[in-house]
Structures are given as C-alpha cells and as structure tokens.
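File shown: data-v8.tsv. Contents: TSV, C-alpha atoms.
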```
chain	number	residue	atom	x	y	z
F	1	MET	CA	217.83	72.51	84.42
F	2	ASP	CA	214.41	72.00	82.91
F	3	GLU	CA	214.21	70.70	79.35
F	4	ASN	CA	211.78	73.50	78.54
F	5	ASP	CA	214.25	76.13	79.72
F	6	LEU	CA	216.54	75.14	76.91
F	7	MET	CA	213.97	76.11	74.33
F	8	LYS	CA	212.68	79.49	73.32
F	9	GLN	CA	209.13	80.43	74.18
F	10	SER	CA	208.28	80.66	70.46
F	11	ASP	CA	209.57	77.10	69.93
F	12	LEU	CA	207.48	75.85	72.83
F	13	GLU	CA	204.45	77.59	71.36
F	14	GLN	CA	205.05	75.88	68.02
F	15	LEU	CA	205.44	72.54	69.76
F	16	SER	CA	202.25	73.10	71.78
F	17	ALA	CA	200.29	74.13	68.68
F	18	TRP	CA	201.64	71.12	66.78
F	19	MET	CA	200.51	68.79	69.58
F	20	ASP	CA	197.06	70.38	69.41
F	21	GLY	CA	196.93	69.92	65.64
F	22	GLU	CA	196.74	73.66	65.06
F	23	LEU	CA	199.65	74.01	62.63
F	24	PRO	CA	199.37	73.87	58.86
F	25	SER	CA	200.88	70.75	57.30
F	26	ASP	CA	204.22	72.25	56.20
F	27	GLN	CA	204.96	73.60	59.68
F	28	ALA	CA	203.66	70.44	61.29
F	29	ASP	CA	206.08	68.33	59.25
F	30	HIS	CA	208.96	70.57	60.29
F	31	ILE	CA	208.10	70.25	63.99
F	32	ALA	CA	207.66	66.50	63.64
F	33	LYS	CA	211.20	66.24	62.26
F	34	LEU	CA	212.59	68.39	65.09
F	35	VAL	CA	210.89	66.19	67.71
F	36	GLU	CA	212.28	63.12	66.04
F	37	GLN	CA	215.83	64.36	65.62
F	38	ASP	CA	216.49	66.97	68.31
F	39	ASP	CA	216.94	65.80	71.94
F	40	ASP	CA	215.73	69.10	73.45
F	41	TRP	CA	212.61	69.11	71.30
F	42	ARG	CA	211.94	65.46	72.12
F	43	ALA	CA	212.42	66.05	75.85
F	44	ALA	CA	210.09	69.05	75.77
F	45	TYR	CA	207.58	67.02	73.79
F	46	GLU	CA	207.68	64.20	76.36
F	47	GLN	CA	207.13	66.67	79.20
F	48	PHE	CA	204.14	68.18	77.42
F	49	CYS	CA	202.80	64.70	76.72
F	50	ALA	CA	203.06	63.90	80.43
F	51	VAL	CA	201.11	67.04	81.29
F	52	ASP	CA	198.45	66.13	78.73
F	53	GLN	CA	198.33	62.60	80.12
F	54	VAL	CA	197.83	63.94	83.65
F	55	ALA	CA	195.14	66.32	82.42
F	56	SER	CA	193.37	63.51	80.63
F	57	MET	CA	192.82	61.84	84.01
F	58	LEU	CA	190.24	64.55	84.71
F	59	ALA	CA	188.57	64.02	81.38
F	60	GLY	CA	185.24	62.30	81.30
F	61	THR	CA	181.63	63.11	80.80
F	62	ILE	CA	180.23	65.37	83.46
F	63	THR	CA	176.60	64.49	83.71
F	64	PRO	CA	174.28	67.11	85.13
F	65	PRO	CA	171.26	66.07	87.23
F	66	LYS	CA	168.46	64.64	85.12
F	67	ASP	CA	165.95	67.26	86.21
F	68	LEU	CA	168.27	70.20	85.49
F	69	PRO	CA	166.64	71.27	82.19
F	70	GLU	CA	163.23	71.24	83.87
F	71	ARG	CA	164.56	73.32	86.76
F	72	ILE	CA	166.26	75.76	84.40
F	73	ILE	CA	163.07	76.33	82.44
F	74	ARG	CA	161.01	76.65	85.63
F	75	THR	CA	163.47	79.13	87.14
F	76	VAL	CA	163.71	81.20	83.98
F	77	TYR	CA	159.95	81.52	83.57
F	78	ARG	CA	159.40	82.17	87.28
F	79	ARG	CA	161.97	84.96	87.23
F	80	ARG	CA	160.40	86.34	84.07
F	81	ARG	CA	157.02	86.46	85.85
F	82	ILE	CA	158.62	88.22	88.82
F	83	ILE	CA	160.26	90.72	86.49
F	84	LYS	CA	156.95	91.28	84.67
F	85	VAL	CA	155.13	91.85	87.97
F	86	LEU	CA	157.89	94.20	89.12
F	87	ARG	CA	157.73	96.09	85.84
F	88	ILE	CA	154.05	96.75	86.43
F	89	ALA	CA	154.17	97.03	90.20
F	90	ALA	CA	157.18	99.33	90.42
F	91	PRO	CA	155.63	102.32	88.60
F	92	VAL	CA	152.30	101.73	90.37
F	93	ALA	CA	154.06	101.63	93.73
F	94	ALA	CA	156.04	104.74	92.84
F	95	ALA	CA	152.87	106.56	91.82
F	96	ALA	CA	151.14	105.42	95.00
F	97	CYS	CA	154.06	106.67	97.07
F	98	ILE	CA	153.89	110.05	95.36
F	99	LEU	CA	150.13	110.26	95.94
F	100	ILE	CA	150.50	109.28	99.59
F	101	ALA	CA	153.27	111.84	100.01
F	102	LEU	CA	151.11	114.54	98.41
F	103	TRP	CA	148.11	113.57	100.53
F	104	VAL	CA	150.12	113.55	103.75
F	105	GLY	CA	151.68	116.86	102.80
F	106	GLY	CA	148.23	118.30	102.08
F	107	VAL	CA	146.82	117.13	105.40
F	108	PHE	CA	149.69	118.65	107.31
F	109	SER	CA	149.41	121.95	105.49
F	110	ARG	CA	145.64	122.04	106.13
F	111	GLN	CA	146.22	121.29	109.82
F	112	GLY	CA	148.66	124.16	109.86
F	113	VAL	CA	146.02	126.50	108.40
F	114	ARG	CA	143.45	125.24	110.89
F	115	GLN	CA	145.78	125.81	113.78
F	116	THR	CA	146.46	129.37	112.67
F	117	THR	CA	142.76	130.17	112.10
F	118	SER	CA	141.75	128.74	115.49
F	119	ILE	CA	144.48	130.60	117.33
F	120	VAL	CA	143.79	134.01	115.79
F	121	PRO	CA	140.07	134.28	116.87
F	122	GLN	CA	140.91	133.17	120.40
F	123	LYS	CA	143.43	135.94	120.63
F	124	SER	CA	141.00	138.47	119.16
F	125	ILE	CA	138.24	137.42	121.64
F	126	VAL	CA	140.59	137.96	124.55
F	127	LYS	CA	141.43	141.38	123.17
F	128	ILE	CA	137.71	142.26	122.78
F	129	GLU	CA	136.92	141.04	126.29
F	130	LYS	CA	139.69	143.24	127.65
F	131	LYS	CA	138.31	146.21	125.72
F	132	ILE	CA	134.78	145.55	127.07
F	133	ASP	CA	136.12	145.37	130.61
F	134	THR	CA	137.85	148.73	130.23
F	135	ILE	CA	134.66	150.27	128.76
F	136	LEU	CA	132.46	148.84	131.52
F	137	LYS	CA	134.69	150.35	134.17
F	138	ASP	CA	133.80	153.82	132.89
F	139	ILE	CA	130.00	153.44	132.81
F	140	ASN	CA	127.60	153.80	135.78
F	141	PRO	CA	126.80	150.67	137.87
F	142	GLU	CA	123.13	150.33	136.72
F	143	ASP	CA	124.00	150.34	133.06
F	144	ARG	CA	126.84	147.97	133.78
F	145	PHE	CA	124.30	145.62	135.42
F	146	ILE	CA	122.13	145.65	132.30
F	147	VAL	CA	125.05	145.00	130.00
F	148	GLN	CA	126.42	142.19	132.14
F	149	ASN	CA	122.94	140.59	132.35
F	150	LEU	CA	121.90	140.98	128.80
F	151	THR	CA	120.41	137.47	128.73
F	152	LEU	CA	118.00	138.47	131.51
F	153	PHE	CA	116.87	141.49	129.62
F	154	LYS	CA	116.03	139.39	126.62
F	155	GLU	CA	112.82	138.63	128.58
F	156	TYR	CA	112.00	142.35	128.66
F	157	PRO	CA	108.84	142.12	126.44
F	158	ARG	CA	107.25	139.61	128.84
F	159	ILE	CA	108.21	141.72	131.83
F	160	GLU	CA	106.62	144.66	130.08
F	161	GLU	CA	103.45	142.64	129.46
F	162	TYR	CA	103.35	141.65	133.10
F	163	ARG	CA	103.59	145.35	134.12
F	164	LYS	CA	100.63	146.27	131.82
F	165	ILE	CA	98.44	143.50	133.32
F	166	ALA	CA	99.42	144.63	136.80
F	167	GLU	CA	98.25	148.13	135.93
F	168	VAL	CA	94.77	146.82	134.92
F	169	VAL	CA	94.28	144.22	137.64
F	170	ASP	CA	94.74	145.16	141.20
F	171	ALA	CA	97.26	143.49	143.41
F	172	ASP	CA	94.79	141.16	145.18
F	173	THR	CA	93.33	139.83	141.99
F	174	LEU	CA	96.79	139.31	140.62
F	175	SER	CA	97.85	137.32	143.67
F	176	ALA	CA	94.58	135.31	143.43
F	177	LEU	CA	95.38	134.52	139.78
F	178	GLU	CA	98.85	133.41	140.80
F	179	VAL	CA	97.36	131.05	143.40
F	180	LEU	CA	94.96	129.62	140.79
F	181	GLU	CA	97.77	128.96	138.37
F	182	GLY	CA	99.78	127.36	141.18
F	183	THR	CA	103.09	128.27	139.64
F	184	GLY	CA	103.47	131.78	140.84
F	185	ARG	CA	104.46	132.63	137.31
F	186	MET	CA	102.56	133.84	134.28
B	1	MET	CA	203.17	81.37	63.08
B	2	ASP	CA	200.77	83.50	61.10
B	3	SER	CA	199.45	80.42	59.44
B	4	ILE	CA	197.36	79.69	62.50
B	5	GLY	CA	195.74	83.07	62.12
B	6	SER	CA	195.13	82.75	58.37
B	7	ASN	CA	193.77	79.24	58.79
B	8	SER	CA	191.55	80.48	61.54
B	9	ASP	CA	190.35	83.36	59.41
B	10	LYS	CA	189.26	80.89	56.76
B	11	SER	CA	187.55	78.75	59.35
B	12	ARG	CA	185.91	81.88	60.77
B	13	ASN	CA	184.50	82.76	57.36
B	14	ASN	CA	183.30	79.22	56.95
B	15	SER	CA	181.72	79.28	60.38
B	16	LYS	CA	179.99	82.59	59.50
B	17	ARG	CA	178.44	80.89	56.53
B	18	LYS	CA	177.62	77.80	58.52
B	19	GLN	CA	176.12	79.60	61.51
B	20	TRP	CA	172.92	80.21	59.57
B	21	TYR	CA	172.53	76.47	59.33
B	22	ASP	CA	173.33	76.05	63.01
B	23	LYS	CA	170.31	74.47	64.63
B	24	ASP	CA	170.78	76.49	67.82
B	25	VAL	CA	170.90	79.74	65.88
B	26	GLN	CA	167.65	78.81	64.17
B	27	LEU	CA	166.14	78.01	67.55
B	28	MET	CA	167.25	81.35	68.95
B	29	LEU	CA	165.69	83.16	66.00
B	30	ALA	CA	162.52	81.14	66.46
B	31	PHE	CA	162.50	82.08	70.13
B	32	GLN	CA	163.01	85.72	69.18
B	33	SER	CA	159.92	85.51	67.02
B	34	GLY	CA	157.93	84.31	70.02
B	35	GLN	CA	158.09	80.53	69.89
B	36	GLN	CA	158.49	79.62	73.56
B	37	GLU	CA	159.11	75.96	72.79
B	38	ALA	CA	162.33	76.93	70.99
B	39	PHE	CA	163.87	78.10	74.26
B	40	LYS	CA	163.10	74.78	75.91
B	41	GLU	CA	164.87	73.01	73.09
B	42	ILE	CA	167.88	75.31	73.41
B	43	VAL	CA	168.09	74.37	77.09
B	44	LEU	CA	167.76	70.67	76.37
B	45	ARG	CA	170.41	70.78	73.66
B	46	ASN	CA	172.99	72.84	75.53
B	47	GLN	CA	172.59	72.27	79.26
B	48	LYS	CA	175.20	69.49	79.37
B	49	ARG	CA	178.00	71.51	77.81
B	50	VAL	CA	177.21	74.57	79.92
B	51	TYR	CA	177.09	72.49	83.09
B	52	SER	CA	180.30	70.72	82.13
B	53	ILE	CA	182.38	73.85	81.54
B	54	ILE	CA	181.04	75.51	84.69
B	55	TYR	CA	181.71	72.40	86.76
B	56	ARG	CA	185.27	72.23	85.48
B	57	LEU	CA	185.83	75.86	86.41
B	58	ILE	CA	183.93	75.91	89.71
B	59	GLY	CA	184.48	72.38	90.99
B	60	ASN	CA	181.22	71.67	92.79
B	61	HIS	CA	177.83	70.48	91.69
B	62	ALA	CA	175.50	72.70	93.68
B	63	ASP	CA	177.08	75.93	92.45
B	64	SER	CA	177.36	74.55	88.92
B	65	GLU	CA	173.61	73.91	88.86
B	66	ASP	CA	172.82	77.43	90.05
B	67	LEU	CA	175.25	78.98	87.59
B	68	THR	CA	173.92	76.89	84.70
B	69	GLN	CA	170.48	78.32	85.49
B	70	GLU	CA	172.01	81.79	85.55
B	71	VAL	CA	173.56	81.23	82.11
B	72	PHE	CA	170.23	80.27	80.56
B	73	LEU	CA	168.54	83.15	82.29
B	74	ARG	CA	171.01	85.46	80.55
B	75	VAL	CA	170.34	83.71	77.25
B	76	PHE	CA	166.63	84.25	77.83
B	77	ARG	CA	167.08	87.92	78.68
B	78	THR	CA	169.37	88.69	75.77
B	79	ALA	CA	167.37	86.67	73.26
B	80	LYS	CA	165.58	89.80	72.04
B	81	THR	CA	168.84	91.47	71.06
B	82	TYR	CA	170.59	88.30	69.90
B	83	LYS	CA	172.21	88.54	66.47
B	84	PRO	CA	173.83	85.49	64.94
B	85	MET	CA	177.29	87.07	64.61
B	86	ALA	CA	179.19	84.02	65.87
B	87	LYS	CA	178.60	80.35	66.41
B	88	PHE	CA	175.90	79.85	69.01
B	89	SER	CA	178.10	77.54	71.09
B	90	THR	CA	180.86	80.19	71.18
B	91	TRP	CA	178.38	82.79	72.38
B	92	LEU	CA	177.04	80.38	74.98
B	93	TYR	CA	180.52	79.39	76.18
B	94	ARG	CA	181.38	83.06	76.51
B	95	ILE	CA	178.38	83.63	78.76
B	96	ALA	CA	179.15	80.48	80.74
B	97	THR	CA	182.81	81.38	81.32
B	98	ASN	CA	181.87	84.92	82.33
B	99	VAL	CA	179.28	83.66	84.80
B	100	ALA	CA	181.73	81.12	86.22
B	101	LEU	CA	184.54	83.67	86.49
B	102	ASN	CA	182.26	86.15	88.25
B	103	ALA	CA	181.34	83.43	90.73
B	104	ILE	CA	184.99	82.51	91.28
B	105	ARG	CA	185.90	86.16	91.86
B	106	ALA	CA	182.97	86.63	94.23
B	107	ARG	CA	183.96	83.49	96.07
B	108	ARG	CA	187.51	84.77	96.42
B	109	LYS	CA	186.25	88.08	97.79
B	110	GLY	CA	183.66	86.60	100.14
B	111	LYS	CA	185.52	83.34	100.71
B	112	THR	CA	182.24	81.48	100.44
B	113	VAL	CA	182.71	77.82	101.20
B	114	SER	CA	180.38	75.41	99.52
B	115	LEU	CA	178.78	72.66	101.55
B	116	ASP	CA	180.53	70.25	99.24
B	117	MET	CA	183.87	71.46	100.48
B	118	THR	CA	185.86	69.84	103.25
B	119	ASP	CA	187.64	71.80	105.96
B	120	SER	CA	190.70	72.01	103.77
B	121	GLY	CA	188.56	73.72	101.14
B	122	GLU	CA	188.60	70.81	98.75
B	123	ASP	CA	185.53	69.67	96.94
B	124	VAL	CA	184.66	66.23	98.18
B	125	ARG	CA	182.88	65.35	94.96
B	126	HIS	CA	185.37	65.18	92.16
B	127	PRO	CA	184.94	63.67	88.75
B	128	TRP	CA	186.95	60.61	89.72
B	129	GLN	CA	184.71	59.76	92.63
B	130	VAL	CA	182.68	57.27	90.76
B	131	GLY	CA	182.07	53.63	91.04
B	132	ASP	CA	185.27	51.85	90.08
B	133	LYS	CA	184.46	50.17	86.81
B	134	HIS	CA	187.99	48.92	86.37
B	135	GLY	CA	188.39	46.70	89.41
B	136	ARG	CA	191.11	48.79	91.04
B	137	SER	CA	192.15	47.94	94.60
B	138	PRO	CA	191.20	50.41	97.39
B	139	GLU	CA	194.90	51.36	97.76
B	140	SER	CA	195.28	52.20	94.11
B	141	TYR	CA	191.95	54.01	94.24
B	142	ILE	CA	193.16	56.17	97.15
B	143	HIS	CA	196.45	56.74	95.39
B	144	GLN	CA	194.66	57.84	92.26
B	145	GLU	CA	192.35	60.06	94.29
B	146	GLU	CA	195.34	61.78	95.88
B	147	LEU	CA	196.93	62.12	92.50
B	148	ILE	CA	193.87	63.70	90.98
B	149	ASN	CA	193.54	66.04	93.97
B	150	LYS	CA	197.02	67.27	93.20
B	151	ILE	CA	196.28	67.62	89.50
B	152	ASN	CA	193.22	69.66	90.39
B	153	LYS	CA	195.29	71.86	92.68
B	154	ALA	CA	197.80	72.35	89.89
B	155	LEU	CA	194.98	73.39	87.55
B	156	GLU	CA	193.45	75.70	90.14
B	157	ILE	CA	196.62	77.76	90.52
B	158	LEU	CA	196.77	78.54	86.81
B	159	PRO	CA	195.90	82.14	85.90
B	160	GLU	CA	192.25	82.49	84.82
B	161	ASN	CA	192.75	82.76	81.07
B	162	GLN	CA	195.31	79.95	80.96
B	163	ARG	CA	192.97	77.72	82.92
B	164	ILE	CA	189.96	78.52	80.74
B	165	SER	CA	191.96	78.01	77.55
B	166	PHE	CA	193.31	74.70	78.83
B	167	ILE	CA	189.89	73.44	79.94
B	168	LEU	CA	188.20	74.50	76.71
B	169	ASN	CA	190.92	72.90	74.63
B	170	LYS	CA	191.52	69.68	76.55
B	171	TYR	CA	188.04	68.86	77.83
B	172	GLU	CA	185.66	70.66	75.50
B	173	HIS	CA	187.91	70.05	72.48
B	174	LEU	CA	187.55	73.56	71.13
B	175	SER	CA	189.92	74.94	68.51
B	176	TYR	CA	192.22	77.91	69.08
B	177	ARG	CA	189.87	80.04	66.97
B	178	GLU	CA	186.85	79.15	69.08
B	179	ILE	CA	188.75	79.77	72.30
B	180	ALA	CA	189.94	83.11	70.93
B	181	ASP	CA	186.32	84.08	70.15
B	182	ILE	CA	185.21	83.11	73.64
B	183	LEU	CA	188.02	84.98	75.38
B	184	GLY	CA	187.91	87.88	72.96
B	185	CYS	CA	191.58	87.61	71.98
B	186	SER	CA	193.66	86.48	69.00
B	187	THR	CA	194.53	82.89	68.13
B	188	MET	CA	198.18	83.77	68.74
B	189	ALA	CA	197.27	84.80	72.28
B	190	VAL	CA	195.47	81.47	72.77
B	191	LYS	CA	198.54	79.64	71.44
B	192	SER	CA	200.68	81.48	73.98
B	193	LEU	CA	198.16	80.92	76.80
B	194	LEU	CA	198.05	77.17	76.17
B	195	THR	CA	201.82	76.88	76.01
B	196	ARG	CA	202.19	78.76	79.28
B	197	ALA	CA	199.42	76.67	80.81
B	198	ARG	CA	201.31	73.50	79.87
B	199	CYS	CA	204.57	74.88	81.30
B	200	ASN	CA	202.93	76.07	84.52
B	201	LEU	CA	201.10	72.77	84.97
B	202	GLN	CA	204.35	70.95	84.45
B	203	ASP	CA	206.03	73.07	87.16
B	204	ALA	CA	203.10	72.62	89.54
B	205	LEU	CA	203.02	68.86	89.02
B	206	LYS	CA	206.73	68.69	89.69
B	207	ARG	CA	206.15	70.58	92.93
B	208	TYR	CA	203.28	68.35	94.03
B	209	LEU	CA	204.50	65.00	92.71
B	210	GLY	CA	208.23	65.44	92.32
B	211	ALA	CA	210.41	65.98	89.27
B	212	ASP	CA	209.71	62.44	88.06
B	213	PHE	CA	205.92	62.93	88.20
B	214	VAL	CA	205.48	60.96	85.01
B	215	LYS	CA	206.40	57.80	86.96
B	216	HIS	CA	203.47	58.41	89.35
B	217	LEU	CA	201.01	58.18	86.56
B	218	PRO	CA	199.02	55.01	86.15
B	219	ASN	CA	198.78	53.57	82.67
B	220	HIS	CA	195.99	56.00	81.98
B	221	ARG	CA	195.83	57.68	78.63
B	222	GLY	CA	192.31	58.90	78.77
B	223	ASP	CA	191.08	55.99	76.68
B	224	GLU	CA	190.36	53.83	79.70
B	225	GLY	CA	186.70	54.48	79.31
B	226	VAL	CA	184.51	57.44	79.91
B	227	LYS	CA	184.01	58.17	83.56
B	228	GLU	CA	180.59	59.34	84.46
B	229	ILE	CA	180.19	61.80	87.23
```
Spit out the file's structure as structure tokens when you get a sec.
Amino acid sequence: MDENDLMKQSDLEQLSAWMDGELPSDQADHIAKLVEQDDDWRAAYEQFCAVDQVASMLAGTITPPKDLPERIIRTVYRRRRIIKVLRIAAPVAAAACILIALWVGGVFSRQGVRQTTSIVPQKSIVKIEKKIDTILKDINPEDRFIVQNLTLFKEYPRIEEYRKIAEVVDADTLSALEVLEGTGRM
Amino acid sequence: MDSIGSNSDKSRNNSKRKQWYDKDVQLMLAFQSGQQEAFKEIVLRNQKRVYSIIYRLIGNHADSEDLTQEVFLRVFRTAKTYKPMAKFSTWLYRIATNVALNAIRARRKGKTVSLDMTDSGEDVRHPWQVGDKHGRSPESYIHQEELINKINKALEILPENQRISFILNKYEHLSYREIADILGCSTMAVKSLLTRARCNLQDALKRYLGADFVKHLPNHRGDEGVKEI
C-alpha cells in the first residue's frame, strides 16, 4: 500500500503547501513536527521530495533564440499593417462589389428592355405587311403596280417634264438631242 | 487551511498597491498613450518568461517561438483596453497559458506532429540535450536522457490545470496566489491541484521507473548548475 494512501487528502494538501512554503508559521511548525515524529507523514514527505527532485531535473534556464524579440516586433507590426490595410480595403472592396453588382444588374435590365423594344416593332412590321398584302389583293392590278413601285414613281416630276418637252419638240429633234447627249437620257 | 487564503488576500492587496510601481505596467500605460518604444521594451523584458512557460507546456522550440509571437500580438491588440487590475506578469502568464493550451488542444484534435518530433512523437530537443558540462560518461548521459524522457511523459499525462500549476510553481516559482490569478481559481484550488499533481506524478514515475524510482535518480538536486537550452 502506498504511503500516501494512509493519509487523508487534506493532510497531503497541508504537507504539499508546507513544502512549498505556503503555510503560515504556526501551521508550518505543526506540520514540521508531524513530519519529524509521524512515520506516515515522514514517508509521504519523502515521496513528495522524490517527486520534486525528479521535477528539478527538468529545471534550468530555457533560452529563446537571440533574434526572437526582433522577430516578435517585426511580426506584430507587420500584422498591424495588414490589419490596417484590411480595415481600409475591406469596406472599399465591399463598396466596389456593391457598385459592380448594381452596374451589372443595370446592364442586364437595360438589355432586357432593348430586347423587348426590338422584338415588338419587328412583330408590328410583320403585322402591317400582312395587312398591306390583304389590301393590295383587293385593288386593281394597275394601282397595285404603282403602290408596289412607289420608288419608281418618286421620279414622276422628271417624267412629267420629259413629257412636256416631248410635246414642244417633235420626235426627230428629240432623238437628235439624245444622240448629241450620247447618253440617251435627259 | 484558510490561512493561505487570508495571507494571499493580504499579498493581493499589497500587489494591487505595488502594481502601479510595476515597470511593465508603466510601460503598458506608456504604450497605450502612443509611445511605440514602450512596446519594444515590454517584449525585451518579458520574452524569456513567455517563451519559457510555453516551451515547458508545448515541448518544442519552433512552436514555442510562434506562440510567443502570438502572445505578444495579443498584448499589442489588447493594449488599448488594458487596465492595470493585476500584476502585469500574471496577466501575461494568463495569456501565455491560454495560447499554449489552445495550441495543445488544436494539436490533439489535428494530431499535428512537429518536425522536431521523432516517429514515436517525442520531441528530440529536450532541455537536457545540452553540452555535458559535468563530465558525465556517454552511458550515464543516455541513462539520464531516458530518465528525463520518462519524467516528461509523466508530466505530459497530468491533467491540464495540474500540469500548469506544477510548472508555474516548480519552474517559474510563482506563489499559489499568482497561480490562482492566472488560472482564475482560488488558492485552495491551487493547493489541491498541486497536491494531486504531486500524487499523480509519483504514481506515473512508479509506473515508468518502478516503485523504487528514487533509487534511479542521480545525485541531482537541481543545484548542479543551471542548464542552458
């Protein structure tokens, strides 16, 4: 059986605190007497001393690398700079994202409007053309010829002028004039 | 039993009065008011103790360096809101232990193996791996290395709070009151933690070294000279 098992936990705590110099003098004196006179207390004390002795083998100064303070300061200030940049950049980036999103959304909506406006006239033109075709079916062929060749009849004033000249000048003179011009046209 | 608490209360009041004269507190307040040089001095004054406690908890140099940087980064970030409520070193130790514990927990979850670790998961660079200043033979050196490996294993299996209390008390020489402030518990709890740590270490050492583990110990009482790592 372990020496420590013979003692109460509270006794062990007192012994441990006494060894660490954490007891007031009156209690410390009492524990000192117990360790001196009581076999169980002495055995427990010796076991604790052995543990402390073992632990002391790991004691010693742990020396950090010489450049550690320099590296710490460098790292801290570098991270601070990064945080500062992020503090400024993050809202700017967020605002930029919102603007881009709005712009893209706007473009798409405008394209949508354009598509609808370009589709509607095409449809209406087709409808009008169909209506014209149905109207043209009902009119006489000569009138239909005029309507279908409206561009030709834009030259009507010149044709009319040509007719008036032809009335004044006889046909031979007219043909002679055409030969002189060499184009056959007025 | 309560006398520890009442004594500690007195010491706490004294430390409250003294903290205003604490050089580190003054430096923190100077840094708060915009003196950048004060932070550099805080780093220079405290980097060794932060590195030391982290190394003892983590067990390898590379991670200890990174975590020491992390600790000072936290100090830097919280400097604006810093209020000298406790001793500066207590506050700093609290940050350091939290950072180290987070790393240990993350390591357990991710099972990250440091490059300093061997296949068996042991750190190949332990505090005892230093030039032998005492003229020990290679056999005794190996024996001691094995012994210390086992002591380290025994320490590693201690529950977190017991381990931290033990390390802070035995290696950083902090009082129960200071440890209680760091862990955020009472001095009675620290007293209990340290007792249980001693008992658990004793059991672990018996398992690793046998019931008569005291006989394995070289005549080493910690006064053999300071080992530099």
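Minimum distance to Gly59 of chain B across F:Val107, F:Ile62, F:Asp40, F:Arg78 (counting only C-alpha atoms) occurs at F:Ile62.
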Please identify every residue of chain F that has at least one atom no farther than 9 Å from an atom of chain B, counting all atoms listed in the file, and for each give the shortest atom pair and the distance in Å to one decimal, arranged by chain then increasing number, as a tab-separated table.
```
residue	atom	partner	partner_atom	distance
F:Asn4	CA	B:Cys199	CA	7.8
F:Gln9	CA	B:Thr195	CA	8.3
F:Ser10	CA	B:Ser192	CA	8.4
F:Leu12	CA	B:Thr195	CA	6.6
F:Glu13	CA	B:Thr195	CA	5.4
F:Gln14	CA	B:Met1	CA	7.6
F:Leu15	CA	B:Thr195	CA	8.4
F:Ser16	CA	B:Thr195	CA	5.7
F:Ala17	CA	B:Lys191	CA	6.4
F:Asp20	CA	B:Asn169	CA	8.4
F:Glu22	CA	B:Ile4	CA	6.6
F:Leu23	CA	B:Ile4	CA	6.1
F:Pro24	CA	B:Ser3	CA	6.6
F:Gln27	CA	B:Met1	CA	8.7
F:Gln47	CA	B:Gln202	CA	7.3
F:Phe48	CA	B:Arg198	CA	6.5
F:Ala50	CA	B:Val214	CA	6.0
F:Val51	CA	B:Gln202	CA	6.0
F:Asp52	CA	B:Arg198	CA	8.0
F:Gln53	CA	B:Arg221	CA	5.7
F:Val54	CA	B:Ile151	CA	7.1
F:Ala55	CA	B:Ile151	CA	7.3
F:Ser56	CA	B:Gly222	CA	5.1
F:Met57	CA	B:Gly222	CA	6.0
F:Leu58	CA	B:Pro127	CA	6.7
F:Ala59	CA	B:Tyr171	CA	6.0
F:Gly60	CA	B:Lys227	CA	4.9
F:Thr61	CA	B:Glu228	CA	5.4
F:Ile62	CA	B:Ile229	CA	5.2
F:Thr63	CA	B:Ile229	CA	5.7
F:Pro64	CA	B:Lys48	CA	6.3
F:Pro65	CA	B:Glu65	CA	8.3
F:Leu68	CA	B:Glu65	CA	7.3
F:Pro69	CA	B:Leu44	CA	6.0
F:Glu70	CA	B:Lys40	CA	8.7
F:Arg71	CA	B:Gln69	CA	7.9
F:Ile72	CA	B:Gln69	CA	5.1
F:Ile73	CA	B:Lys40	CA	6.7
F:Thr75	CA	B:Gln69	CA	7.2
F:Val76	CA	B:Leu73	CA	5.5
F:Tyr77	CA	B:Leu73	CA	8.8
F:Arg79	CA	B:Leu73	CA	8.4
F:Arg80	CA	B:Arg77	CA	8.7
```
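If you look at atom CA of His143 of chain B and atom CA of Asn60 of chain B, they are 21.5 Å away from each other.
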Between atom CA of Trp41 of chain F and atom CA of Gln162 of chain B, distance in Å (one decimal): 22.6 Å
Separation of atom CA of Gly184 of chain B from atom CA of Ala103 of chain B in Å: 19.5 Å
For Ile157 of chain B, the nearest of the candidates B:Asp63, B:Thr97, B:Ala30, B:Leu57, counting all atoms listed in the file: B:Leu57
Best match for closeness to Arg163 of chain B among B:Gln36, B:Ile179, B:Glu146, B:Phe88, counting all atoms listed in the file: B:Ile179
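Comparing the minimum interatomic distances between Gly21 of chain F and each of B:Cys185, B:Ala204, B:Leu174, B:Leu168, counting only C-alpha atoms, we find that B:Leu174 sits nearest.
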10 Å contact set for Asp181 of chain B, only C-alpha atoms, chain neighbours under 6 positions out, as number ranges by chain: B: 12, 86-87, 90-91, 93-94, 175, 187, 190
